[in-house]
Every structure is written in C-alpha cells, then in structure tokens.
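As stored in upload.txt (compact mmCIF, N, CA and C atoms):
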# COMPACT_ATOMS: atom_id res chain seq x y z
N MET A 1 -197.73 -1.01 13.68
CA MET A 1 -196.74 -1.01 14.74
C MET A 1 -195.51 -1.78 14.31
N THR A 2 -194.42 -1.19 14.53
CA THR A 2 -193.16 -1.89 14.26
C THR A 2 -192.53 -2.27 15.59
N THR A 3 -192.02 -3.46 15.60
CA THR A 3 -191.34 -3.91 16.81
C THR A 3 -189.85 -3.84 16.59
N LYS A 4 -189.20 -3.35 17.57
CA LYS A 4 -187.75 -3.22 17.49
C LYS A 4 -187.12 -4.44 18.15
N GLN A 5 -186.37 -5.17 17.38
CA GLN A 5 -185.70 -6.35 17.90
C GLN A 5 -184.22 -6.04 18.07
N THR A 6 -183.73 -6.37 19.23
CA THR A 6 -182.31 -6.19 19.47
C THR A 6 -181.69 -7.56 19.68
N ALA A 7 -180.68 -7.81 18.93
CA ALA A 7 -179.99 -9.10 19.04
C ALA A 7 -178.83 -8.95 20.02
N MET A 8 -178.62 -10.01 20.77
CA MET A 8 -177.50 -10.02 21.71
C MET A 8 -176.23 -10.37 20.93
N ASP A 9 -175.25 -9.52 21.03
CA ASP A 9 -173.96 -9.79 20.41
C ASP A 9 -173.18 -10.74 21.31
N VAL A 10 -172.61 -11.77 20.69
CA VAL A 10 -171.77 -12.71 21.43
C VAL A 10 -170.32 -12.36 21.14
N ASP A 11 -169.59 -12.15 22.20
CA ASP A 11 -168.19 -11.76 22.09
C ASP A 11 -167.31 -13.02 22.02
N THR A 12 -167.15 -13.55 20.82
CA THR A 12 -166.33 -14.76 20.67
C THR A 12 -164.85 -14.46 20.86
N ALA A 13 -164.47 -13.20 20.71
CA ALA A 13 -163.07 -12.84 20.94
C ALA A 13 -162.70 -13.00 22.42
N PHE A 14 -163.70 -12.89 23.31
CA PHE A 14 -163.41 -13.07 24.73
C PHE A 14 -162.97 -14.50 25.01
N LEU A 15 -163.58 -15.46 24.34
CA LEU A 15 -163.19 -16.86 24.55
C LEU A 15 -161.77 -17.15 24.11
N LYS A 16 -161.27 -16.36 23.16
CA LYS A 16 -159.91 -16.55 22.66
C LYS A 16 -158.88 -15.73 23.44
N SER A 17 -159.36 -14.85 24.30
CA SER A 17 -158.44 -14.02 25.09
C SER A 17 -157.91 -14.82 26.28
N ARG A 18 -156.90 -14.27 26.93
CA ARG A 18 -156.33 -14.95 28.11
C ARG A 18 -157.37 -15.15 29.19
N ARG A 19 -158.15 -14.10 29.46
CA ARG A 19 -159.19 -14.21 30.49
C ARG A 19 -160.23 -15.25 30.14
N GLY A 20 -160.63 -15.31 28.89
CA GLY A 20 -161.62 -16.28 28.46
C GLY A 20 -161.12 -17.70 28.57
N ILE A 21 -159.87 -17.92 28.18
CA ILE A 21 -159.28 -19.26 28.27
C ILE A 21 -159.17 -19.69 29.72
N VAL A 22 -158.74 -18.78 30.59
CA VAL A 22 -158.61 -19.10 32.01
C VAL A 22 -159.99 -19.38 32.61
N LYS A 23 -161.00 -18.60 32.24
CA LYS A 23 -162.35 -18.78 32.77
C LYS A 23 -162.93 -20.14 32.36
N VAL A 24 -162.75 -20.51 31.09
CA VAL A 24 -163.26 -21.81 30.62
C VAL A 24 -162.49 -22.95 31.30
N THR A 25 -161.19 -22.78 31.47
CA THR A 25 -160.38 -23.80 32.15
C THR A 25 -160.81 -23.95 33.61
N GLU A 26 -161.15 -22.84 34.25
CA GLU A 26 -161.68 -22.90 35.61
C GLU A 26 -162.96 -23.72 35.66
N MET A 27 -163.84 -23.50 34.69
CA MET A 27 -165.11 -24.24 34.68
C MET A 27 -164.88 -25.73 34.48
N VAL A 28 -163.93 -26.09 33.61
CA VAL A 28 -163.63 -27.50 33.40
C VAL A 28 -163.06 -28.11 34.68
N THR A 29 -162.15 -27.40 35.33
CA THR A 29 -161.56 -27.88 36.58
C THR A 29 -162.61 -28.01 37.68
N LEU A 30 -163.51 -27.05 37.75
CA LEU A 30 -164.60 -27.13 38.73
C LEU A 30 -165.49 -28.34 38.46
N PHE A 31 -165.76 -28.61 37.19
CA PHE A 31 -166.59 -29.77 36.86
C PHE A 31 -165.89 -31.07 37.24
N VAL A 32 -164.58 -31.15 36.99
CA VAL A 32 -163.82 -32.35 37.38
C VAL A 32 -163.86 -32.52 38.89
N ALA A 33 -163.67 -31.44 39.64
CA ALA A 33 -163.72 -31.52 41.10
C ALA A 33 -165.11 -31.93 41.57
N PHE A 34 -166.14 -31.39 40.93
CA PHE A 34 -167.51 -31.75 41.28
C PHE A 34 -167.76 -33.24 41.07
N VAL A 35 -167.34 -33.77 39.93
CA VAL A 35 -167.53 -35.20 39.64
C VAL A 35 -166.78 -36.05 40.67
N CYS A 36 -165.55 -35.67 40.97
CA CYS A 36 -164.77 -36.43 41.95
C CYS A 36 -165.43 -36.42 43.33
N PHE A 37 -165.89 -35.26 43.76
CA PHE A 37 -166.54 -35.17 45.07
C PHE A 37 -167.90 -35.88 45.06
N ALA A 38 -168.59 -35.87 43.91
CA ALA A 38 -169.86 -36.59 43.82
C ALA A 38 -169.63 -38.10 43.92
N VAL A 39 -168.57 -38.59 43.29
CA VAL A 39 -168.24 -40.01 43.39
C VAL A 39 -167.86 -40.36 44.82
N ALA A 40 -167.18 -39.45 45.50
CA ALA A 40 -166.76 -39.68 46.88
C ALA A 40 -167.89 -39.46 47.88
N SER A 41 -169.03 -38.96 47.42
CA SER A 41 -170.20 -38.69 48.26
C SER A 41 -169.87 -37.77 49.43
N THR A 42 -169.32 -36.61 49.10
CA THR A 42 -169.01 -35.60 50.11
C THR A 42 -169.82 -34.33 49.82
N PRO A 43 -171.00 -34.20 50.44
CA PRO A 43 -171.92 -33.10 50.09
C PRO A 43 -171.36 -31.70 50.30
N LYS A 44 -170.57 -31.47 51.36
CA LYS A 44 -170.09 -30.10 51.59
C LYS A 44 -169.11 -29.67 50.51
N TYR A 45 -168.32 -30.59 49.99
CA TYR A 45 -167.40 -30.26 48.90
C TYR A 45 -168.16 -30.09 47.58
N ILE A 46 -169.19 -30.89 47.40
CA ILE A 46 -170.02 -30.77 46.19
C ILE A 46 -170.68 -29.39 46.16
N ALA A 47 -171.22 -28.95 47.29
CA ALA A 47 -171.90 -27.66 47.35
C ALA A 47 -170.94 -26.51 47.01
N ALA A 48 -169.72 -26.59 47.51
CA ALA A 48 -168.74 -25.52 47.24
C ALA A 48 -168.40 -25.45 45.76
N THR A 49 -168.19 -26.60 45.12
CA THR A 49 -167.82 -26.58 43.70
C THR A 49 -168.99 -26.15 42.83
N VAL A 50 -170.21 -26.56 43.18
CA VAL A 50 -171.38 -26.16 42.40
C VAL A 50 -171.61 -24.66 42.51
N LEU A 51 -171.45 -24.11 43.71
CA LEU A 51 -171.64 -22.67 43.90
C LEU A 51 -170.64 -21.86 43.08
N GLU A 52 -169.38 -22.24 43.11
CA GLU A 52 -168.37 -21.51 42.34
C GLU A 52 -168.56 -21.73 40.84
N PHE A 53 -169.01 -22.93 40.44
CA PHE A 53 -169.31 -23.18 39.03
C PHE A 53 -170.43 -22.25 38.57
N PHE A 54 -171.43 -22.06 39.39
CA PHE A 54 -172.54 -21.18 39.07
C PHE A 54 -172.07 -19.73 38.95
N ILE A 55 -171.27 -19.26 39.89
CA ILE A 55 -170.75 -17.88 39.85
C ILE A 55 -169.87 -17.67 38.62
N THR A 56 -168.99 -18.63 38.35
CA THR A 56 -168.11 -18.51 37.18
C THR A 56 -168.91 -18.54 35.88
N SER A 57 -169.95 -19.37 35.83
CA SER A 57 -170.82 -19.42 34.65
C SER A 57 -171.51 -18.08 34.42
N LEU A 58 -172.01 -17.48 35.50
CA LEU A 58 -172.66 -16.17 35.36
C LEU A 58 -171.70 -15.10 34.86
N LEU A 59 -170.49 -15.11 35.39
CA LEU A 59 -169.50 -14.12 34.93
C LEU A 59 -169.11 -14.37 33.48
N LEU A 60 -168.99 -15.64 33.09
CA LEU A 60 -168.66 -15.96 31.70
C LEU A 60 -169.76 -15.49 30.76
N VAL A 61 -171.02 -15.75 31.11
CA VAL A 61 -172.14 -15.30 30.28
C VAL A 61 -172.19 -13.78 30.24
N LEU A 62 -171.90 -13.14 31.35
CA LEU A 62 -171.87 -11.68 31.41
C LEU A 62 -170.88 -11.12 30.39
N TYR A 63 -169.69 -11.70 30.35
CA TYR A 63 -168.67 -11.20 29.42
C TYR A 63 -168.95 -11.64 27.99
N LEU A 64 -169.48 -12.84 27.79
CA LEU A 64 -169.77 -13.32 26.44
C LEU A 64 -170.85 -12.50 25.75
N LEU A 65 -171.88 -12.13 26.50
CA LEU A 65 -172.98 -11.36 25.93
C LEU A 65 -172.77 -9.86 26.05
N LYS A 66 -171.60 -9.46 26.51
CA LYS A 66 -171.22 -8.05 26.68
C LYS A 66 -172.19 -7.31 27.60
N LEU A 67 -172.73 -8.03 28.56
CA LEU A 67 -173.64 -7.39 29.51
C LEU A 67 -172.90 -6.48 30.47
N ASN A 68 -171.59 -6.69 30.62
CA ASN A 68 -170.80 -5.81 31.48
C ASN A 68 -170.77 -4.38 30.95
N LYS A 69 -171.03 -4.20 29.66
CA LYS A 69 -171.06 -2.85 29.09
C LYS A 69 -172.44 -2.23 29.21
N ARG A 70 -173.48 -3.07 29.40
CA ARG A 70 -174.84 -2.55 29.56
C ARG A 70 -175.19 -2.34 31.03
N LEU A 71 -174.72 -3.23 31.88
CA LEU A 71 -175.00 -3.13 33.31
C LEU A 71 -173.82 -2.43 33.99
N THR A 72 -173.87 -1.14 34.00
CA THR A 72 -172.72 -0.35 34.46
C THR A 72 -172.80 0.05 35.93
N PHE A 73 -173.79 -0.46 36.66
CA PHE A 73 -173.89 -0.08 38.07
C PHE A 73 -172.85 -0.81 38.92
N PHE A 74 -172.18 -1.82 38.38
CA PHE A 74 -171.06 -2.48 39.03
C PHE A 74 -169.81 -2.29 38.18
N PHE A 75 -168.69 -2.27 38.83
CA PHE A 75 -167.41 -2.29 38.12
C PHE A 75 -167.03 -3.77 38.02
N TRP A 76 -167.42 -4.41 36.93
CA TRP A 76 -167.37 -5.86 36.81
C TRP A 76 -165.99 -6.47 36.95
N PRO A 77 -164.92 -5.86 36.44
CA PRO A 77 -163.61 -6.46 36.70
C PRO A 77 -163.28 -6.53 38.18
N LEU A 78 -163.72 -5.55 38.95
CA LEU A 78 -163.48 -5.57 40.39
C LEU A 78 -164.31 -6.67 41.06
N VAL A 79 -165.55 -6.86 40.63
CA VAL A 79 -166.38 -7.96 41.14
C VAL A 79 -165.70 -9.30 40.83
N ASP A 80 -165.19 -9.41 39.62
CA ASP A 80 -164.52 -10.64 39.19
C ASP A 80 -163.25 -10.90 40.00
N VAL A 81 -162.47 -9.86 40.25
CA VAL A 81 -161.23 -10.05 41.00
C VAL A 81 -161.52 -10.37 42.47
N LEU A 82 -162.55 -9.77 43.04
CA LEU A 82 -162.93 -10.11 44.41
C LEU A 82 -163.38 -11.56 44.51
N ASN A 83 -164.16 -12.01 43.52
CA ASN A 83 -164.55 -13.41 43.49
C ASN A 83 -163.32 -14.31 43.38
N SER A 84 -162.38 -13.95 42.54
CA SER A 84 -161.19 -14.77 42.36
C SER A 84 -160.35 -14.84 43.62
N VAL A 85 -160.18 -13.72 44.30
CA VAL A 85 -159.35 -13.70 45.51
C VAL A 85 -160.00 -14.52 46.62
N PHE A 86 -161.28 -14.29 46.86
CA PHE A 86 -161.96 -15.03 47.93
C PHE A 86 -162.06 -16.52 47.59
N ALA A 87 -162.33 -16.83 46.33
CA ALA A 87 -162.42 -18.24 45.93
C ALA A 87 -161.06 -18.92 46.02
N THR A 88 -159.98 -18.20 45.76
CA THR A 88 -158.64 -18.77 45.89
C THR A 88 -158.39 -19.22 47.33
N VAL A 89 -158.65 -18.33 48.26
CA VAL A 89 -158.45 -18.67 49.68
C VAL A 89 -159.36 -19.83 50.07
N TYR A 90 -160.60 -19.78 49.64
CA TYR A 90 -161.56 -20.82 49.99
C TYR A 90 -161.16 -22.18 49.42
N PHE A 91 -160.74 -22.21 48.16
CA PHE A 91 -160.41 -23.49 47.53
C PHE A 91 -159.05 -24.04 47.97
N ILE A 92 -158.14 -23.17 48.40
CA ILE A 92 -156.90 -23.68 48.99
C ILE A 92 -157.24 -24.40 50.30
N THR A 93 -158.09 -23.77 51.11
CA THR A 93 -158.52 -24.40 52.36
C THR A 93 -159.27 -25.70 52.09
N LEU A 94 -160.19 -25.66 51.14
CA LEU A 94 -160.98 -26.85 50.80
C LEU A 94 -160.10 -27.98 50.28
N SER A 95 -159.14 -27.64 49.43
CA SER A 95 -158.28 -28.68 48.87
C SER A 95 -157.40 -29.30 49.94
N LEU A 96 -156.88 -28.47 50.86
CA LEU A 96 -156.06 -29.02 51.95
C LEU A 96 -156.89 -29.93 52.86
N MET A 97 -158.12 -29.52 53.14
CA MET A 97 -159.00 -30.37 53.95
C MET A 97 -159.30 -31.69 53.23
N ALA A 98 -159.58 -31.62 51.94
CA ALA A 98 -159.92 -32.83 51.19
C ALA A 98 -158.72 -33.76 51.05
N MET A 99 -157.54 -33.19 50.85
CA MET A 99 -156.35 -34.04 50.64
C MET A 99 -155.83 -34.63 51.95
N THR A 100 -156.03 -33.95 53.07
CA THR A 100 -155.52 -34.49 54.33
C THR A 100 -156.47 -35.47 54.99
N SER A 101 -157.76 -35.36 54.68
CA SER A 101 -158.72 -36.25 55.32
C SER A 101 -159.47 -37.14 54.32
N TYR A 102 -158.82 -37.48 53.22
CA TYR A 102 -159.53 -38.25 52.20
C TYR A 102 -159.79 -39.68 52.68
N ILE A 103 -160.94 -40.19 52.25
CA ILE A 103 -161.32 -41.55 52.60
C ILE A 103 -161.35 -42.45 51.37
N ASN A 104 -161.33 -41.85 50.20
CA ASN A 104 -161.26 -42.62 48.96
C ASN A 104 -160.56 -41.79 47.89
N THR A 105 -160.30 -42.42 46.78
CA THR A 105 -159.52 -41.77 45.72
C THR A 105 -160.25 -40.57 45.13
N GLY A 106 -161.57 -40.62 45.03
CA GLY A 106 -162.33 -39.51 44.47
C GLY A 106 -162.13 -38.23 45.26
N MET A 107 -162.09 -38.36 46.55
CA MET A 107 -161.88 -37.18 47.40
C MET A 107 -160.47 -36.62 47.24
N LEU A 108 -159.49 -37.49 47.09
CA LEU A 108 -158.11 -37.05 46.89
C LEU A 108 -157.96 -36.33 45.55
N ILE A 109 -158.50 -36.92 44.49
CA ILE A 109 -158.42 -36.29 43.16
C ILE A 109 -159.20 -34.98 43.14
N GLY A 110 -160.34 -34.94 43.82
CA GLY A 110 -161.10 -33.69 43.92
C GLY A 110 -160.30 -32.61 44.64
N GLY A 111 -159.57 -33.00 45.69
CA GLY A 111 -158.72 -32.04 46.40
C GLY A 111 -157.60 -31.51 45.51
N ILE A 112 -157.02 -32.39 44.72
CA ILE A 112 -155.97 -31.97 43.78
C ILE A 112 -156.54 -31.03 42.73
N ALA A 113 -157.76 -31.35 42.22
CA ALA A 113 -158.41 -30.49 41.23
C ALA A 113 -158.71 -29.12 41.84
N CYS A 114 -159.12 -29.08 43.10
CA CYS A 114 -159.37 -27.80 43.76
C CYS A 114 -158.09 -27.00 43.94
N PHE A 115 -156.99 -27.68 44.20
CA PHE A 115 -155.71 -27.00 44.32
C PHE A 115 -155.30 -26.40 42.96
N LEU A 116 -155.52 -27.14 41.87
CA LEU A 116 -155.26 -26.61 40.53
C LEU A 116 -156.18 -25.43 40.24
N LEU A 117 -157.43 -25.52 40.69
CA LEU A 117 -158.36 -24.42 40.52
C LEU A 117 -157.87 -23.17 41.26
N ALA A 118 -157.34 -23.35 42.45
CA ALA A 118 -156.81 -22.21 43.20
C ALA A 118 -155.66 -21.55 42.44
N ALA A 119 -154.82 -22.36 41.80
CA ALA A 119 -153.74 -21.80 40.98
C ALA A 119 -154.31 -21.02 39.80
N LEU A 120 -155.34 -21.56 39.15
CA LEU A 120 -155.97 -20.85 38.03
C LEU A 120 -156.62 -19.54 38.51
N LEU A 121 -157.21 -19.57 39.68
CA LEU A 121 -157.81 -18.35 40.23
C LEU A 121 -156.75 -17.29 40.55
N CYS A 122 -155.56 -17.74 40.97
CA CYS A 122 -154.44 -16.80 41.18
C CYS A 122 -154.02 -16.16 39.86
N VAL A 123 -153.95 -16.97 38.81
CA VAL A 123 -153.60 -16.44 37.48
C VAL A 123 -154.65 -15.44 37.02
N GLU A 124 -155.92 -15.78 37.22
CA GLU A 124 -156.97 -14.85 36.82
C GLU A 124 -156.91 -13.56 37.62
N SER A 125 -156.62 -13.66 38.90
CA SER A 125 -156.49 -12.46 39.73
C SER A 125 -155.36 -11.56 39.23
N TYR A 126 -154.25 -12.18 38.87
CA TYR A 126 -153.12 -11.41 38.34
C TYR A 126 -153.51 -10.71 37.03
N ILE A 127 -154.18 -11.43 36.14
CA ILE A 127 -154.60 -10.84 34.87
C ILE A 127 -155.56 -9.68 35.12
N LEU A 128 -156.51 -9.88 36.03
CA LEU A 128 -157.49 -8.82 36.31
C LEU A 128 -156.84 -7.61 37.00
N PHE A 129 -155.92 -7.86 37.92
CA PHE A 129 -155.22 -6.73 38.57
C PHE A 129 -154.44 -5.91 37.55
N SER A 130 -153.90 -6.57 36.53
CA SER A 130 -153.15 -5.82 35.52
C SER A 130 -154.08 -5.03 34.60
N ILE A 131 -155.35 -5.42 34.53
CA ILE A 131 -156.31 -4.73 33.66
C ILE A 131 -156.96 -3.55 34.36
N ILE A 132 -157.24 -3.70 35.65
CA ILE A 132 -157.99 -2.68 36.37
C ILE A 132 -157.19 -1.38 36.45
N THR A 133 -157.84 -0.31 36.05
CA THR A 133 -157.23 1.02 36.14
C THR A 133 -158.12 1.87 37.03
N PHE A 134 -157.51 2.60 37.91
CA PHE A 134 -158.29 3.45 38.79
C PHE A 134 -158.17 4.93 38.40
N ASN A 135 -156.99 5.37 38.05
CA ASN A 135 -156.81 6.78 37.72
C ASN A 135 -156.33 7.00 36.29
N ARG A 136 -156.18 5.93 35.56
CA ARG A 136 -155.71 6.06 34.17
C ARG A 136 -156.89 5.85 33.23
N PRO A 137 -156.86 6.47 32.05
CA PRO A 137 -157.94 6.24 31.09
C PRO A 137 -157.87 4.80 30.56
N ARG A 138 -159.03 4.24 30.27
CA ARG A 138 -159.10 2.87 29.76
C ARG A 138 -158.68 2.83 28.31
N THR A 139 -158.07 1.72 27.94
CA THR A 139 -157.77 1.49 26.54
C THR A 139 -158.72 0.41 26.04
N GLU A 140 -158.75 0.19 24.76
CA GLU A 140 -159.68 -0.80 24.19
C GLU A 140 -159.35 -2.20 24.62
N THR A 141 -158.07 -2.54 24.84
CA THR A 141 -157.71 -3.89 25.24
C THR A 141 -158.10 -4.16 26.69
N GLN A 142 -158.24 -3.13 27.49
CA GLN A 142 -158.62 -3.32 28.90
C GLN A 142 -160.10 -3.59 29.06
N ASN A 143 -160.88 -3.29 28.06
CA ASN A 143 -162.33 -3.52 28.14
C ASN A 143 -162.68 -4.99 27.93
N THR A 144 -161.79 -5.78 27.39
CA THR A 144 -162.11 -7.18 27.13
C THR A 144 -161.69 -8.06 28.26
What does this structure look like when you write it as structure tokens?
Amino acid sequence: MTTKQTAMDVDTAFLKSRRGIVKVTEMVTLFVAFVCFAVASTPKYIAATVLEFFITSLLLVLYLLKLNKRLTFFFWPLVDVLNSVFATVYFITLSLMAMTSYINTGMLIGGIACFLLAALLCVESYILFSIITFNRPRTETQNT
C-alpha cells in the first residue's frame, strides 16, 4: 500500500501583498487593544477584541494555506469584506464608548487602538472592493 501525502502550500507572497500586510497589522492592533482592555479590566471590550482576533486569524490562515481555493462553497473575498464592514462599524462604536467613558489610561489607549483598527478595516474594505469582480473574468492578481 502506498500512502499519498499532500503537503499544504504556504502562500508567503500573501504576507508581502497589501492585503497580507493590512491583515497582519490588524492582528497586531487587535492584540494591543486586547492588552490595554485586559489591563483596564473591561470584560466586554476584551471579548470583542478576542472575537475579532479569532476571526482575523482564521481568515489569515485560510489565505496563507490557500484554503480559499479548495473551499469554494463560499466566495471568500465577499466573506472577508462583510467581516471588515461590520467590524468597522462595531469597532468605531466600541472605540467611541471606550474613549468617552474611560476610567483609566488602559481603556483610553484601547479605545484609540480600536479607532486605528477601524481605519485599517476601512482600508481593507477598500482593497477588497477593488478586487471583487462580479461580471468580469478574474485575473491572477485578483486571486491573491
């Protein structure tokens, strides 16, 4: 019996692309916001940052391992853009709440980090909207 082994290809070019850089920067910003909110002991803000960190991590792994090309039952750029749009609205609201009702410096810095995250999510939404094609044929650069 021969066993067929398939190796997972890692798309390192994605990390060097605009989308990859923005995605990694989002994760760093989410981690900074999480640490700030953890220091400030604000559980509802911690939960929001951890949830978005988890979603962003899953999408990053999906693109890094090229699973978006194997799992074709979803249109992954559209899933990503919907996440970005909803998270932008959510984190703008969260950052305004944190910055207006802060009780210590950690909460204020976490609110500022969430506001920066919302800006990064807007940039990612713009990049994704420019990539998504509905009636035009895809090019090779749009697949990354």
Do you have, as CSV, the list of residues of segment 25-105 of chain A lying at most 8 Å from segment 128-132 of chain A, each with its nearest atom pair and that distance in Å to one decimal, counting all atoms listed in the file and ordered by chain then number?
residue,atom,partner,partner_atom,distance
A:Pro77,C,A:Leu128,CA,6.5
A:Leu78,N,A:Ile132,CA,6.9
A:Asp80,C,A:Leu128,CA,7.1
A:Val81,CA,A:Leu128,CA,6.1
Requested in this report: Report as a PyMOL selection string: the residues of chain A with a DSSP assignment of helix (DSSP H, G or I), based on the backbone of this structure.
Outcome: chain A and resi 12-16+18-39+43-64+67-70+76-100+105-131+140-143
Requested in this report: Counting only N, CA and C atoms, figure out which residue out of A:Val24, A:Leu51, A:Cys122, A:Ile109 gets nearest to Val89 of chain A.
Outcome: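 Once distances to Val89 of chain A are computed over only N, CA and C atoms, the minimum belongs to A:Cys122.
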Query raised in the report: How many Å separate atom C of Ser84 of chain A from atom C of Leu121 of chain A?
Result: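 That distance, rounded to one decimal, is 5.3 Å.
One distance worth recording is that between atom CA of Phe91 of chain A and atom CA of Ala38 of chain A, which is 16.6 Å.
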Requested in this report: Give the answer as one residue: which of A:Met107, A:Val32, A:Val85, A:Leu59 has the shortest atom-to-atom distance to Leu120 of chain A, using only C-alpha atoms?
Outcome: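 Of A:Met107, A:Val32, A:Val85, A:Leu59, the one nearest Leu120 of chain A, counting only C-alpha atoms, is A:Val85.
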Query raised in the report: Pick the closest to Ala48 of chain A from A:Gly20, A:Thr25, A:Phe34, A:Leu60: which is it, counting all atoms listed in the file?
Result: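 Looking at the shortest contact to Ala48 of chain A, the residue is A:Phe34.
Distance annotation: of A:Ala47, A:Leu108, A:Met99, A:Ala13, the residue with the minimal separation from Lys66 of chain A is A:Ala13; atom set is only C-alpha atoms.
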Query raised in the report: Counting only C-alpha atoms, which of A:Phe31, A:Phe73, A:Tyr126, A:Phe115 gets nearest to Ile46 of chain A?
Result: A:Phe31
Report summary line: In Å and to one decimal, atom CA of Asn83 of chain A is distant from atom N of Lys69 of chain A by 17.8 Å
Report task. Tell me which of A:Ala33, A:Leu82, A:Leu64, A:Met97 sits closest to Phe14 of chain A, counting all atoms listed in the file. Result ->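 The answer is A:Leu64, which sits nearest to Phe14 of chain A.
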